[in-house]
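Novice: Starting off with a structure, shown below.
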Amino acid sequence: MTTFWLLAPIMVIAALGLVFARKAVHAALALAVVMISLAILYAAQGAPFLFAVQIIVYTGAIMMLFLFVLMLVGVDSSDAVRETIAGQKLAATVIGLIFGITAVLAIGQTVSGAVVGLKAANGNGNPYGLSELLFGKYVLAFEFTSALLITAALGAMVLAHKERLTVRHTQADIAARRMREYAESGRHPGPAPTPGVFARHNAVDTPALLPDGTPLDASVSPSIAERGQTRSGFDADVARTARQLESDGEDDK
């Protein structure tokens, strides 16, 4: 009972966060809190199999898969508030109210009366007792639940499907378009020239030189140029190097 009263407020707050969260990722994290708290309640009630399944299958697999899909695909806010089916919000409100009333009545009956029959149900072990109920007394409800889950998955695929109105471009099409853009703008499709023109100044702040000896600004990173960290005053080095080469050439003659 103490475990229930400790976890119940956390579950209620997380459930409210799930409903009122503006971002889908935050709602998924709140749902994970509810699932973990529910697993702890299963363990407190002497159902270790349900505790393990709740953590491994629902929280560890399905919930994390949902989070990965959200982070990879993303949800547009304009798509999230658009009503794709007429009367969808009204039907969801009515069903939510019915579910809330049913949950309140079920929890009230559980809290008001003492839990009995756990020892008899778990006489041969919790997995045995659970499987006997699922595939024995409640096998029809179990099959209806599986059919409902499959229907929900298919419905989610249909609602999330979008018709492609434009032709899907292949990698070859993208490369050809990029080359056309380079040709129209007159830019070279290759990488920028490597900066650093002297052996003693082989650094990214020293621009490359054109054949006439003038510096090539495109060889220096724009961020370095904006910060004013480009090396200046190397014209004298160029002239000195040119004179040295000329003198060496004359000596060789």
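By order in the structure tokens, chains are A, B, ...; within a chain, residues start at 1; ligands start at 1, following the order shown.
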Neighbours of Leu50 of chain A within 9 Å (only C-alpha atoms; same-chain residues fewer than 4 positions away dropped), as a list in words?
Specialist: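 The residues that qualify are Ala39, Tyr42, Ala43, Gln54, Ile55, Asn126, Pro127 and Leu130 of chain A.
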Novice: For atom CA of Gly125 of chain A and atom CA of Thr145 of chain A, quote the distance in Å rounded to one decimal.
Specialist: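 Result for atom CA of Gly125 of chain A versus atom CA of Thr145 of chain A: 24.2 Å, one decimal.
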Novice: Would you list the contacts of segment 18-25 of chain A as a list in words, taking every protein, DNA or RNA residue within 8 Å and counting only C-alpha atoms, but skipping same-chain residues closer than 2 positions in sequence?
Specialist: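 Listed by chain and then number, they are Ala14, Ala15, Leu16, Ala27, Ala28, Leu29, Ala30, Leu31, Leu67, Leu70, Met71 and Val75 of chain A.
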Novice: May I have the residues within 12 Å of Leu7 of chain A as a PyMOL selection string, using only C-alpha atoms and disregarding those fewer than 3 positions away in the same chain?
Specialist: chain A and resi 1-4+10-14+33-42+44
Novice: Would you save the residues of that selection, restricted to C-alpha atoms, as an mmCIF file, in the first residue's frame?
Specialist:
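Saved the output as part-v1.cif:
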```cif
data_model
loop_
_atom_site.group_PDB
_atom_site.id
_atom_site.type_symbol
_atom_site.label_atom_id
_atom_site.label_comp_id
_atom_site.auth_asym_id
_atom_site.auth_seq_id
_atom_site.Cartn_x
_atom_site.Cartn_y
_atom_site.Cartn_z
ATOM 1 C CA MET A 1 0.000 0.000 0.000
ATOM 2 C CA THR A 2 2.865 2.379 0.786
ATOM 3 C CA THR A 3 4.380 1.730 -2.649
ATOM 4 C CA PHE A 4 1.079 2.549 -4.307
ATOM 5 C CA ILE A 10 4.095 10.353 -9.826
ATOM 6 C CA MET A 11 2.048 8.339 -12.317
ATOM 7 C CA VAL A 12 -0.783 10.890 -12.293
ATOM 8 C CA ILE A 13 1.621 13.814 -12.839
ATOM 9 C CA ALA A 14 3.411 11.935 -15.646
ATOM 10 C CA VAL A 33 7.726 7.224 -16.372
ATOM 11 C CA VAL A 34 4.197 5.817 -16.176
ATOM 12 C CA MET A 35 5.343 2.456 -17.546
ATOM 13 C CA ILE A 36 8.258 2.163 -15.116
ATOM 14 C CA SER A 37 6.017 3.056 -12.157
ATOM 15 C CA LEU A 38 3.488 0.472 -13.309
ATOM 16 C CA ALA A 39 6.239 -2.151 -13.453
ATOM 17 C CA ILE A 40 7.192 -1.373 -9.850
ATOM 18 C CA LEU A 41 3.552 -1.811 -8.817
ATOM 19 C CA TYR A 42 3.537 -5.223 -10.517
ATOM 20 C CA ALA A 44 4.981 -4.998 -5.283
#
```
Novice: One number please: atom CA of Ile62 of chain A to atom CA of Gly136 of chain A, in Å, one decimal.
Specialist: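 Result for atom CA of Ile62 of chain A versus atom CA of Gly136 of chain A: 26.6 Å, one decimal.
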Novice: Could you work out how far atom CA of Thr230 of chain A lies from atom CA of Leu210 of chain A, giving the answer in Å with one decimal?
Specialist: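 Computing it gives 16.8 Å between the two atoms.
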